Every structure is written in C-alpha cells, then in structure tokens.
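Have a look at model.cif; it's mmCIF, N, CA and C atoms:
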data_work
#
loop_
_atom_site.group_PDB
_atom_site.id
_atom_site.type_symbol
_atom_site.label_atom_id
_atom_site.label_comp_id
_atom_site.auth_asym_id
_atom_site.auth_seq_id
_atom_site.Cartn_x
_atom_site.Cartn_y
_atom_site.Cartn_z
ATOM 1 N N MET A 146 119.320 -34.493 -100.915
ATOM 2 C CA MET A 146 119.032 -33.278 -100.187
ATOM 3 C C MET A 146 117.526 -33.010 -100.252
ATOM 4 N N LEU A 147 117.007 -32.502 -99.162
ATOM 5 C CA LEU A 147 115.612 -32.088 -99.097
ATOM 6 C C LEU A 147 115.549 -30.578 -99.261
ATOM 7 N N HIS A 148 114.805 -30.125 -100.255
ATOM 8 C CA HIS A 148 114.595 -28.703 -100.499
ATOM 9 C C HIS A 148 113.199 -28.352 -99.994
ATOM 10 N N ILE A 149 113.123 -27.380 -99.111
ATOM 11 C CA ILE A 149 111.847 -26.964 -98.525
ATOM 12 C C ILE A 149 111.506 -25.582 -99.070
ATOM 13 N N VAL A 150 110.392 -25.506 -99.786
ATOM 14 C CA VAL A 150 109.970 -24.252 -100.428
ATOM 15 C C VAL A 150 108.684 -23.790 -99.767
ATOM 16 N N ASN A 151 108.611 -22.493 -99.415
ATOM 17 C CA ASN A 151 107.415 -21.997 -98.738
ATOM 18 C C ASN A 151 106.726 -20.825 -99.425
ATOM 19 N N LYS A 152 107.231 -20.343 -100.549
ATOM 20 C CA LYS A 152 106.629 -19.184 -101.217
ATOM 21 C C LYS A 152 105.796 -19.618 -102.424
ATOM 22 N N SER A 153 104.699 -18.918 -102.648
ATOM 23 C CA SER A 153 103.827 -19.199 -103.781
ATOM 24 C C SER A 153 104.573 -18.967 -105.092
ATOM 25 N N PRO A 154 104.435 -19.880 -106.047
ATOM 26 C CA PRO A 154 105.066 -19.678 -107.354
ATOM 27 C C PRO A 154 104.382 -18.564 -108.144
ATOM 28 N N LEU A 155 103.250 -18.108 -107.665
ATOM 29 C CA LEU A 155 102.522 -17.035 -108.341
ATOM 30 C C LEU A 155 103.030 -15.657 -107.914
ATOM 31 N N GLN A 156 103.773 -15.601 -106.817
ATOM 32 C CA GLN A 156 104.247 -14.323 -106.301
ATOM 33 C C GLN A 156 105.763 -14.202 -106.246
ATOM 34 N N ARG A 157 106.459 -15.318 -106.195
ATOM 35 C CA ARG A 157 107.921 -15.307 -106.073
ATOM 36 C C ARG A 157 108.524 -16.322 -107.036
ATOM 37 N N THR A 158 109.807 -16.216 -107.253
ATOM 38 C CA THR A 158 110.519 -17.164 -108.123
ATOM 39 C C THR A 158 111.303 -18.196 -107.310
ATOM 40 N N THR A 159 110.917 -18.377 -106.061
ATOM 41 C CA THR A 159 111.633 -19.289 -105.163
ATOM 42 C C THR A 159 111.664 -20.714 -105.705
ATOM 43 N N LEU A 160 110.523 -21.229 -106.136
ATOM 44 C CA LEU A 160 110.478 -22.594 -106.670
ATOM 45 C C LEU A 160 111.320 -22.700 -107.932
ATOM 46 N N GLU A 161 111.208 -21.723 -108.788
ATOM 47 C CA GLU A 161 111.994 -21.713 -110.024
ATOM 48 C C GLU A 161 113.495 -21.755 -109.714
ATOM 49 N N SER A 162 113.939 -20.958 -108.758
ATOM 50 C CA SER A 162 115.349 -20.944 -108.361
ATOM 51 C C SER A 162 115.770 -22.291 -107.805
ATOM 52 N N CYS A 163 114.936 -22.871 -106.973
ATOM 53 C CA CYS A 163 115.214 -24.185 -106.403
ATOM 54 C C CYS A 163 115.389 -25.220 -107.505
ATOM 55 N N LEU A 164 114.474 -25.255 -108.443
ATOM 56 C CA LEU A 164 114.516 -26.257 -109.508
ATOM 57 C C LEU A 164 115.718 -26.051 -110.427
ATOM 58 N N ARG A 165 116.158 -24.820 -110.565
ATOM 59 C CA ARG A 165 117.293 -24.520 -111.436
ATOM 60 C C ARG A 165 118.605 -25.045 -110.863
ATOM 61 N N VAL A 166 118.780 -25.015 -109.549
ATOM 62 C CA VAL A 166 120.068 -25.391 -108.964
ATOM 63 C C VAL A 166 120.069 -26.735 -108.228
ATOM 64 N N ALA A 167 118.915 -27.278 -107.929
ATOM 65 C CA ALA A 167 118.851 -28.539 -107.188
ATOM 66 C C ALA A 167 119.381 -29.690 -108.035
ATOM 67 N N VAL A 168 120.082 -30.584 -107.383
ATOM 68 C CA VAL A 168 120.640 -31.764 -108.049
ATOM 69 C C VAL A 168 119.539 -32.820 -108.155
ATOM 70 N N PRO A 169 119.309 -33.342 -109.363
ATOM 71 C CA PRO A 169 118.289 -34.381 -109.527
ATOM 72 C C PRO A 169 118.517 -35.551 -108.577
ATOM 73 N N GLY A 170 117.416 -36.145 -108.155
ATOM 74 C CA GLY A 170 117.472 -37.276 -107.236
ATOM 75 C C GLY A 170 117.121 -36.895 -105.813
ATOM 76 N N GLY A 171 117.063 -35.612 -105.537
ATOM 77 C CA GLY A 171 116.699 -35.151 -104.203
ATOM 78 C C GLY A 171 115.184 -35.101 -104.057
ATOM 79 N N ALA A 172 114.762 -34.387 -103.034
ATOM 80 C CA ALA A 172 113.329 -34.264 -102.769
ATOM 81 C C ALA A 172 112.980 -32.798 -102.547
ATOM 82 N N ILE A 173 111.748 -32.455 -102.887
ATOM 83 C CA ILE A 173 111.234 -31.102 -102.690
ATOM 84 C C ILE A 173 109.970 -31.209 -101.850
ATOM 85 N N LEU A 174 109.928 -30.429 -100.785
ATOM 86 C CA LEU A 174 108.754 -30.361 -99.929
ATOM 87 C C LEU A 174 108.154 -28.975 -100.046
ATOM 88 N N LEU A 175 106.910 -28.909 -100.481
ATOM 89 C CA LEU A 175 106.188 -27.651 -100.620
ATOM 90 C C LEU A 175 105.360 -27.427 -99.366
ATOM 91 N N ILE A 176 105.572 -26.278 -98.718
ATOM 92 C CA ILE A 176 104.830 -25.936 -97.512
ATOM 93 C C ILE A 176 104.250 -24.537 -97.662
ATOM 94 N N GLU A 177 103.382 -24.164 -96.745
ATOM 95 C CA GLU A 177 102.758 -22.840 -96.720
ATOM 96 C C GLU A 177 102.189 -22.521 -98.105
ATOM 97 N N ASP A 178 102.437 -21.320 -98.650
ATOM 98 C CA ASP A 178 101.846 -20.952 -99.940
ATOM 99 C C ASP A 178 102.469 -21.673 -101.135
ATOM 100 N N ALA A 179 103.591 -22.328 -100.946
ATOM 101 C CA ALA A 179 104.201 -23.085 -102.043
ATOM 102 C C ALA A 179 103.342 -24.274 -102.462
ATOM 103 N N VAL A 180 102.410 -24.701 -101.605
ATOM 104 C CA VAL A 180 101.567 -25.844 -101.967
ATOM 105 C C VAL A 180 100.706 -25.555 -103.199
ATOM 106 N N TYR A 181 100.486 -24.285 -103.522
ATOM 107 C CA TYR A 181 99.730 -23.963 -104.738
ATOM 108 C C TYR A 181 100.398 -24.557 -105.980
ATOM 109 N N ALA A 182 101.715 -24.690 -105.962
ATOM 110 C CA ALA A 182 102.443 -25.266 -107.099
ATOM 111 C C ALA A 182 102.075 -26.724 -107.332
ATOM 112 N N ALA A 183 101.588 -27.395 -106.315
ATOM 113 C CA ALA A 183 101.259 -28.823 -106.403
ATOM 114 C C ALA A 183 99.850 -29.089 -106.919
ATOM 115 N N THR A 184 99.130 -28.042 -107.277
ATOM 116 C CA THR A 184 97.735 -28.210 -107.689
ATOM 117 C C THR A 184 97.562 -28.156 -109.197
ATOM 118 N N ARG A 185 96.547 -28.861 -109.663
ATOM 119 C CA ARG A 185 96.217 -28.858 -111.089
ATOM 120 C C ARG A 185 95.697 -27.480 -111.494
ATOM 121 N N GLY A 186 96.100 -27.030 -112.677
ATOM 122 C CA GLY A 186 95.561 -25.806 -113.248
ATOM 123 C C GLY A 186 96.240 -24.524 -112.812
ATOM 124 N N ASN A 187 97.358 -24.593 -112.119
ATOM 125 C CA ASN A 187 98.043 -23.364 -111.715
ATOM 126 C C ASN A 187 99.125 -23.012 -112.726
ATOM 127 N N ALA A 188 99.633 -21.804 -112.642
ATOM 128 C CA ALA A 188 100.618 -21.314 -113.611
ATOM 129 C C ALA A 188 101.943 -22.078 -113.572
ATOM 130 N N ALA A 189 102.252 -22.703 -112.453
ATOM 131 C CA ALA A 189 103.513 -23.437 -112.320
ATOM 132 C C ALA A 189 103.353 -24.941 -112.557
ATOM 133 N N GLU A 190 102.180 -25.361 -112.992
ATOM 134 C CA GLU A 190 101.917 -26.794 -113.132
ATOM 135 C C GLU A 190 102.902 -27.486 -114.076
ATOM 136 N N ALA A 191 103.146 -26.913 -115.245
ATOM 137 C CA ALA A 191 104.051 -27.549 -116.212
ATOM 138 C C ALA A 191 105.464 -27.660 -115.646
ATOM 139 N N GLN A 192 105.901 -26.631 -114.968
ATOM 140 C CA GLN A 192 107.229 -26.626 -114.363
ATOM 141 C C GLN A 192 107.355 -27.725 -113.309
ATOM 142 N N LEU A 193 106.334 -27.880 -112.494
ATOM 143 C CA LEU A 193 106.388 -28.904 -111.456
ATOM 144 C C LEU A 193 106.245 -30.301 -112.052
ATOM 145 N N ARG A 194 105.420 -30.460 -113.073
ATOM 146 C CA ARG A 194 105.297 -31.767 -113.737
ATOM 147 C C ARG A 194 106.651 -32.209 -114.290
ATOM 148 N N ASP A 195 107.384 -31.263 -114.876
ATOM 149 C CA ASP A 195 108.717 -31.566 -115.380
ATOM 150 C C ASP A 195 109.638 -31.971 -114.236
ATOM 151 N N ALA A 196 109.532 -31.295 -113.107
ATOM 152 C CA ALA A 196 110.375 -31.593 -111.944
ATOM 153 C C ALA A 196 110.102 -32.985 -111.390
ATOM 154 N N LEU A 197 108.894 -33.491 -111.561
ATOM 155 C CA LEU A 197 108.543 -34.814 -111.035
ATOM 156 C C LEU A 197 109.387 -35.928 -111.649
ATOM 157 N N SER A 198 109.957 -35.683 -112.816
ATOM 158 C CA SER A 198 110.814 -36.695 -113.435
ATOM 159 C C SER A 198 112.216 -36.696 -112.828
ATOM 160 N N ARG A 199 112.557 -35.643 -112.066
ATOM 161 C CA ARG A 199 113.900 -35.525 -111.486
ATOM 162 C C ARG A 199 113.937 -35.559 -109.961
ATOM 163 N N PHE A 200 112.781 -35.300 -109.338
ATOM 164 C CA PHE A 200 112.719 -35.192 -107.885
ATOM 165 C C PHE A 200 111.492 -35.904 -107.339
ATOM 166 N N LYS A 201 111.578 -36.309 -106.087
ATOM 167 C CA LYS A 201 110.379 -36.706 -105.361
ATOM 168 C C LYS A 201 109.781 -35.403 -104.842
ATOM 169 N N VAL A 202 108.505 -35.211 -105.067
ATOM 170 C CA VAL A 202 107.865 -33.959 -104.661
ATOM 171 C C VAL A 202 106.770 -34.263 -103.647
ATOM 172 N N TYR A 203 106.792 -33.522 -102.563
ATOM 173 C CA TYR A 203 105.830 -33.672 -101.480
ATOM 174 C C TYR A 203 105.165 -32.323 -101.215
ATOM 175 N N ALA A 204 103.936 -32.376 -100.730
ATOM 176 C CA ALA A 204 103.226 -31.174 -100.303
ATOM 177 C C ALA A 204 102.660 -31.436 -98.909
ATOM 178 N N LEU A 205 102.724 -30.437 -98.060
ATOM 179 C CA LEU A 205 102.237 -30.568 -96.691
ATOM 180 C C LEU A 205 100.708 -30.523 -96.688
ATOM 181 N N ALA A 206 100.093 -31.635 -96.316
ATOM 182 C CA ALA A 206 98.631 -31.780 -96.364
ATOM 183 C C ALA A 206 97.886 -30.728 -95.548
ATOM 184 N N PRO A 207 98.302 -30.409 -94.321
ATOM 185 C CA PRO A 207 97.564 -29.382 -93.567
ATOM 186 C C PRO A 207 97.559 -28.017 -94.271
ATOM 187 N N ASP A 208 98.639 -27.692 -94.990
ATOM 188 C CA ASP A 208 98.673 -26.423 -95.720
ATOM 189 C C ASP A 208 97.770 -26.467 -96.947
ATOM 190 N N LEU A 209 97.698 -27.613 -97.604
ATOM 191 C CA LEU A 209 96.755 -27.776 -98.724
ATOM 192 C C LEU A 209 95.320 -27.622 -98.230
ATOM 193 N N GLU A 210 95.013 -28.269 -97.125
ATOM 194 C CA GLU A 210 93.664 -28.211 -96.557
ATOM 195 C C GLU A 210 93.304 -26.793 -96.122
ATOM 196 N N ALA A 211 94.239 -26.101 -95.503
ATOM 197 C CA ALA A 211 93.982 -24.736 -95.036
ATOM 198 C C ALA A 211 93.672 -23.788 -96.190
ATOM 199 N N ARG A 212 94.166 -24.112 -97.392
ATOM 200 C CA ARG A 212 93.945 -23.274 -98.570
ATOM 201 C C ARG A 212 92.849 -23.829 -99.481
ATOM 202 N N GLY A 213 92.192 -24.888 -99.030
ATOM 203 C CA GLY A 213 91.112 -25.484 -99.820
ATOM 204 C C GLY A 213 91.588 -26.156 -101.090
ATOM 205 N N MET A 214 92.819 -26.615 -101.112
ATOM 206 C CA MET A 214 93.425 -27.190 -102.316
ATOM 207 C C MET A 214 93.690 -28.686 -102.221
ATOM 208 N N HIS A 215 93.263 -29.319 -101.146
ATOM 209 C CA HIS A 215 93.601 -30.726 -100.924
ATOM 210 C C HIS A 215 93.020 -31.670 -101.972
ATOM 211 N N GLU A 216 91.972 -31.264 -102.674
ATOM 212 C CA GLU A 216 91.387 -32.130 -103.702
ATOM 213 C C GLU A 216 91.923 -31.829 -105.104
ATOM 214 N N ARG A 217 92.842 -30.872 -105.216
ATOM 215 C CA ARG A 217 93.369 -30.479 -106.523
ATOM 216 C C ARG A 217 94.837 -30.848 -106.711
ATOM 217 N N VAL A 218 95.357 -31.700 -105.847
ATOM 218 C CA VAL A 218 96.777 -32.075 -105.930
ATOM 219 C C VAL A 218 97.018 -32.883 -107.202
ATOM 220 N N MET A 219 98.048 -32.490 -107.947
ATOM 221 C CA MET A 219 98.346 -33.187 -109.196
ATOM 222 C C MET A 219 98.934 -34.565 -108.928
ATOM 223 N N GLU A 220 98.723 -35.449 -109.878
ATOM 224 C CA GLU A 220 99.238 -36.809 -109.784
ATOM 225 C C GLU A 220 100.758 -36.778 -109.718
ATOM 226 N N GLY A 221 101.311 -37.595 -108.844
ATOM 227 C CA GLY A 221 102.761 -37.676 -108.701
ATOM 228 C C GLY A 221 103.294 -36.941 -107.485
ATOM 229 N N VAL A 222 102.488 -36.030 -106.940
ATOM 230 C CA VAL A 222 102.886 -35.291 -105.739
ATOM 231 C C VAL A 222 102.326 -36.030 -104.532
ATOM 232 N N ALA A 223 103.201 -36.409 -103.624
ATOM 233 C CA ALA A 223 102.777 -37.102 -102.405
ATOM 234 C C ALA A 223 102.456 -36.066 -101.330
ATOM 235 N N THR A 224 101.423 -36.332 -100.571
ATOM 236 C CA THR A 224 101.107 -35.443 -99.456
ATOM 237 C C THR A 224 101.609 -36.071 -98.157
ATOM 238 N N VAL A 225 102.063 -35.201 -97.261
ATOM 239 C CA VAL A 225 102.549 -35.654 -95.957
ATOM 240 C C VAL A 225 101.935 -34.782 -94.867
ATOM 241 N N ASP A 226 101.781 -35.379 -93.697
ATOM 242 C CA ASP A 226 101.323 -34.619 -92.534
ATOM 243 C C ASP A 226 102.562 -34.103 -91.805
ATOM 244 N N TYR A 227 102.370 -33.508 -90.629
ATOM 245 C CA TYR A 227 103.512 -32.967 -89.894
ATOM 246 C C TYR A 227 104.512 -34.056 -89.503
ATOM 247 N N GLY A 228 104.013 -35.228 -89.163
ATOM 248 C CA GLY A 228 104.911 -36.337 -88.856
ATOM 249 C C GLY A 228 105.741 -36.731 -90.070
ATOM 250 N N GLY A 229 105.115 -36.709 -91.245
ATOM 251 C CA GLY A 229 105.826 -36.998 -92.486
ATOM 252 C C GLY A 229 106.881 -35.950 -92.796
ATOM 253 N N PHE A 230 106.584 -34.701 -92.458
ATOM 254 C CA PHE A 230 107.551 -33.609 -92.608
ATOM 255 C C PHE A 230 108.788 -33.929 -91.779
ATOM 256 N N VAL A 231 108.584 -34.302 -90.535
ATOM 257 C CA VAL A 231 109.699 -34.641 -89.642
ATOM 258 C C VAL A 231 110.468 -35.836 -90.198
ATOM 259 N N ASP A 232 109.754 -36.837 -90.690
ATOM 260 C CA ASP A 232 110.409 -38.016 -91.261
ATOM 261 C C ASP A 232 111.284 -37.641 -92.452
ATOM 262 N N LEU A 233 110.800 -36.742 -93.321
ATOM 263 C CA LEU A 233 111.584 -36.312 -94.481
ATOM 264 C C LEU A 233 112.865 -35.607 -94.044
ATOM 265 N N VAL A 234 112.753 -34.743 -93.047
ATOM 266 C CA VAL A 234 113.939 -34.040 -92.546
ATOM 267 C C VAL A 234 114.940 -35.040 -91.968
ATOM 268 N N ALA A 235 114.452 -36.016 -91.218
ATOM 269 C CA ALA A 235 115.333 -37.016 -90.616
ATOM 270 C C ALA A 235 115.948 -37.943 -91.667
ATOM 271 N N GLU A 236 115.223 -38.194 -92.729
ATOM 272 C CA GLU A 236 115.665 -39.108 -93.790
ATOM 273 C C GLU A 236 116.781 -38.515 -94.644
ATOM 274 N N HIS A 237 116.803 -37.202 -94.794
ATOM 275 C CA HIS A 237 117.780 -36.552 -95.664
ATOM 276 C C HIS A 237 118.932 -35.961 -94.848
ATOM 277 N N LYS A 238 120.123 -36.203 -95.332
ATOM 278 C CA LYS A 238 121.313 -35.730 -94.634
ATOM 279 C C LYS A 238 121.362 -34.204 -94.589
ATOM 280 N N ASN A 239 120.944 -33.568 -95.665
ATOM 281 C CA ASN A 239 120.975 -32.103 -95.757
ATOM 282 C C ASN A 239 119.598 -31.571 -96.129
ATOM 283 N N CYS A 240 119.281 -30.399 -95.582
ATOM 284 C CA CYS A 240 118.023 -29.707 -95.916
ATOM 285 C C CYS A 240 118.349 -28.276 -96.294
ATOM 286 N N GLN A 241 117.672 -27.775 -97.303
ATOM 287 C CA GLN A 241 117.837 -26.394 -97.751
ATOM 288 C C GLN A 241 116.477 -25.731 -97.763
ATOM 289 N N SER A 242 116.315 -24.686 -96.978
ATOM 290 C CA SER A 242 115.053 -23.922 -96.982
ATOM 291 C C SER A 242 115.178 -22.783 -97.983
ATOM 292 N N TRP A 243 114.190 -22.686 -98.851
ATOM 293 C CA TRP A 243 114.139 -21.640 -99.864
ATOM 294 C C TRP A 243 113.123 -20.605 -99.418
ATOM 295 N N LEU A 244 113.600 -19.457 -98.991
ATOM 296 C CA LEU A 244 112.732 -18.428 -98.438
ATOM 297 C C LEU A 244 112.400 -17.345 -99.426
#
Would you give me this structure, written as structure tokens?
Amino acid sequence: MLHIVNKSPLQRTTLESCLRVAVPGGAILLIEDAVYAATRGNAAEAQLRDALSRFKVYALAPDLEARGMHERVMEGVATVDYGGFVDLVAEHKNCQSWL
C-alpha cells in the first residue's frame, strides 16, 4: 500500500498516525508540508529514520524545492518528481491519503 502524507509533522500528528497503523513493507510518499519530515535536523527525524527500516520512503522533489529543503533530505529517502508520483500510485494496488 502507498501511504500519502501531506501535513507537517511539526503541526499535526498525521505522519505519526500513519506510521502507527501502516503495515511494514509498504511505501510512504511525503508531499506538501510533510516533506519537512524527510529533512535532516527536524523534530521527526528519528521517527522517520526508524520508519526507513520498515517502509520505502519517498518525498516529492518539487515540494522540497519550493520549501528550500532539497539539499537537506536525509539518507534513505528517495525523491520523486510528479511523474514518479504517478508511477508510485500506479505501482501500488491501494493508496491511502492521510489528511
């Protein structure tokens, strides 16, 4: 399953909720303000590093760039463009948006 998270981990518990119930082996795509979770030195860094052992984690590159965070992406998080976003949705049988 592909889990799509769009809320900042600094303002909402959306990512935390996703990680608590998601079945290991799936994928997580961080978009919009959720991309802050994919950066080094943020409050959710340890939580996301732990998740990397259970999930493939992706961050939307245009959203990272728009927030000036494209050079701070932590190791293990893959970046994708809009085409990659579409590919991830097509690749996974089910998608869950976490709002």
Give me the residues within 7 Å of segment 198-201 of chain A as an mmCIF file with N, CA and C atoms, in the coordinates of the input, counting only N, CA and C atoms and dropping any in the same chain fewer than 4 places off.
data_model
loop_
_atom_site.group_PDB
_atom_site.id
_atom_site.type_symbol
_atom_site.label_atom_id
_atom_site.label_comp_id
_atom_site.auth_asym_id
_atom_site.auth_seq_id
_atom_site.Cartn_x
_atom_site.Cartn_y
_atom_site.Cartn_z
ATOM 1 N N VAL A 168 120.082 -30.584 -107.383
ATOM 2 C CA VAL A 168 120.640 -31.764 -108.049
ATOM 3 C C VAL A 168 119.539 -32.820 -108.155
ATOM 4 N N PRO A 169 119.309 -33.342 -109.363
ATOM 5 C CA PRO A 169 118.289 -34.381 -109.527
ATOM 6 C C PRO A 169 118.517 -35.551 -108.577
ATOM 7 N N GLY A 170 117.416 -36.145 -108.155
ATOM 8 C CA GLY A 170 117.472 -37.276 -107.236
ATOM 9 C C GLY A 170 117.121 -36.895 -105.813
ATOM 10 N N GLY A 171 117.063 -35.612 -105.537
ATOM 11 C CA GLY A 171 116.699 -35.151 -104.203
ATOM 12 C C GLY A 171 115.184 -35.101 -104.057
ATOM 13 N N ALA A 172 114.762 -34.387 -103.034
ATOM 14 C CA ALA A 172 113.329 -34.264 -102.769
ATOM 15 C C ALA A 172 112.980 -32.798 -102.547
ATOM 16 N N ILE A 173 111.748 -32.455 -102.887
ATOM 17 C CA ILE A 173 111.234 -31.102 -102.690
ATOM 18 C C ILE A 173 109.970 -31.209 -101.850
ATOM 19 N N LEU A 174 109.928 -30.429 -100.785
ATOM 20 C CA LEU A 174 108.754 -30.361 -99.929
ATOM 21 C C LEU A 174 108.154 -28.975 -100.046
ATOM 22 N N LEU A 193 106.334 -27.880 -112.494
ATOM 23 C CA LEU A 193 106.388 -28.904 -111.456
ATOM 24 C C LEU A 193 106.245 -30.301 -112.052
ATOM 25 N N ARG A 194 105.420 -30.460 -113.073
ATOM 26 C CA ARG A 194 105.297 -31.767 -113.737
ATOM 27 C C ARG A 194 106.651 -32.209 -114.290
ATOM 28 N N VAL A 222 102.488 -36.030 -106.940
ATOM 29 C CA VAL A 222 102.886 -35.291 -105.739
ATOM 30 C C VAL A 222 102.326 -36.030 -104.532
ATOM 31 N N ALA A 223 103.201 -36.409 -103.624
ATOM 32 C CA ALA A 223 102.777 -37.102 -102.405
ATOM 33 C C ALA A 223 102.456 -36.066 -101.330
#
Residues within 7 Å of segment 234-238 of chain A, please, as a list in words. Count only C-alpha atoms; anything in the same chain fewer than 4 positions from it doesn't count.
Met146, Leu147 and Phe230 of chain A
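Using only N, CA and C atoms, the contacts of segment 210-217 of chain A at a cut-off of 5 Å, with sequence neighbours closer than 4 positions omitted, comprise A:Thr184, A:Arg185, A:Ala206.
Residue nearest Leu155 of chain A within the list A:Leu209, A:Ala204, A:Leu233, A:Ala179: A:Ala179 [criterion: smallest interatomic distance, all atoms listed in the file].
Relative to atom CA of Asp232 of chain A, atom CA of Tyr181 of chain A is found at 22.2 Å.
All residues within chain A that the backbone DSSP calculation assigns to strand (DSSP E or B) are Leu147, His148, Ile149, Val150, Ala172, Ile173, Leu174, Leu175, Thr184, Lys201, Val202, Tyr203, Ala204, Leu205, Val218, Ala223, Thr224, Val225, Cys240, Gln241, Ser242 and Trp243 of chain A.
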Using only N, CA and C atoms, please write the residues we just selected to a file, as a compact mmCIF listing (two decimals), keeping the file's coordinate frame.
# COMPACT_ATOMS: atom_id res chain seq x y z
N LEU A 147 117.01 -32.50 -99.16
CA LEU A 147 115.61 -32.09 -99.10
C LEU A 147 115.55 -30.58 -99.26
N HIS A 148 114.80 -30.12 -100.26
CA HIS A 148 114.60 -28.70 -100.50
C HIS A 148 113.20 -28.35 -99.99
N ILE A 149 113.12 -27.38 -99.11
CA ILE A 149 111.85 -26.96 -98.52
C ILE A 149 111.51 -25.58 -99.07
N VAL A 150 110.39 -25.51 -99.79
CA VAL A 150 109.97 -24.25 -100.43
C VAL A 150 108.68 -23.79 -99.77
N ALA A 172 114.76 -34.39 -103.03
CA ALA A 172 113.33 -34.26 -102.77
C ALA A 172 112.98 -32.80 -102.55
N ILE A 173 111.75 -32.46 -102.89
CA ILE A 173 111.23 -31.10 -102.69
C ILE A 173 109.97 -31.21 -101.85
N LEU A 174 109.93 -30.43 -100.78
CA LEU A 174 108.75 -30.36 -99.93
C LEU A 174 108.15 -28.98 -100.05
N LEU A 175 106.91 -28.91 -100.48
CA LEU A 175 106.19 -27.65 -100.62
C LEU A 175 105.36 -27.43 -99.37
N THR A 184 99.13 -28.04 -107.28
CA THR A 184 97.74 -28.21 -107.69
C THR A 184 97.56 -28.16 -109.20
N LYS A 201 111.58 -36.31 -106.09
CA LYS A 201 110.38 -36.71 -105.36
C LYS A 201 109.78 -35.40 -104.84
N VAL A 202 108.50 -35.21 -105.07
CA VAL A 202 107.86 -33.96 -104.66
C VAL A 202 106.77 -34.26 -103.65
N TYR A 203 106.79 -33.52 -102.56
CA TYR A 203 105.83 -33.67 -101.48
C TYR A 203 105.16 -32.32 -101.22
N ALA A 204 103.94 -32.38 -100.73
CA ALA A 204 103.23 -31.17 -100.30
C ALA A 204 102.66 -31.44 -98.91
N LEU A 205 102.72 -30.44 -98.06
CA LEU A 205 102.24 -30.57 -96.69
C LEU A 205 100.71 -30.52 -96.69
N VAL A 218 95.36 -31.70 -105.85
CA VAL A 218 96.78 -32.08 -105.93
C VAL A 218 97.02 -32.88 -107.20
N ALA A 223 103.20 -36.41 -103.62
CA ALA A 223 102.78 -37.10 -102.40
C ALA A 223 102.46 -36.07 -101.33
N THR A 224 101.42 -36.33 -100.57
CA THR A 224 101.11 -35.44 -99.46
C THR A 224 101.61 -36.07 -98.16
N VAL A 225 102.06 -35.20 -97.26
CA VAL A 225 102.55 -35.65 -95.96
C VAL A 225 101.94 -34.78 -94.87
N CYS A 240 119.28 -30.40 -95.58
CA CYS A 240 118.02 -29.71 -95.92
C CYS A 240 118.35 -28.28 -96.29
N GLN A 241 117.67 -27.78 -97.30
CA GLN A 241 117.84 -26.39 -97.75
C GLN A 241 116.48 -25.73 -97.76
N SER A 242 116.32 -24.69 -96.98
CA SER A 242 115.05 -23.92 -96.98
C SER A 242 115.18 -22.78 -97.98
N TRP A 243 114.19 -22.69 -98.85
CA TRP A 243 114.14 -21.64 -99.86
C TRP A 243 113.12 -20.60 -99.42
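Atom pair atom N of Asp226 of chain A / atom N of Thr158 of chain A has a distance of 24.8 Å (rounded to one decimal).
If you look at atom CA of Pro207 of chain A and atom CA of Gly228 of chain A, they are 11.2 Å away from each other.
Candidate residues A:Leu244, A:Val202, A:Cys163, A:Ala191 were compared for distance to Asp178 of chain A, and the nearest is A:Leu244, using only C-alpha atoms.
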Test item, helix (DSSP H, G or I) assignment across chain A, answer as an MDAnalysis selection string:
chainID A and resid 159:166 177:183 190:196 206:211 227:236
Shell around Glu177 of chain A at 7 Å using all atoms listed in the file, local window under 2 positions removed, as a PyMOL selection string
chain A and resi 150-153+175+179-181+205+208-209
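Proximity of A:Thr159, A:Thr224, A:Asn187, A:Gln192 to Trp243 of chain A, computed with only N, CA and C atoms, is greatest for A:Thr159.
Closest approach to Ala188 of chain A among A:Ala167, A:Pro154, A:His148, A:Gly229: A:Pro154, based on only N, CA and C atoms.
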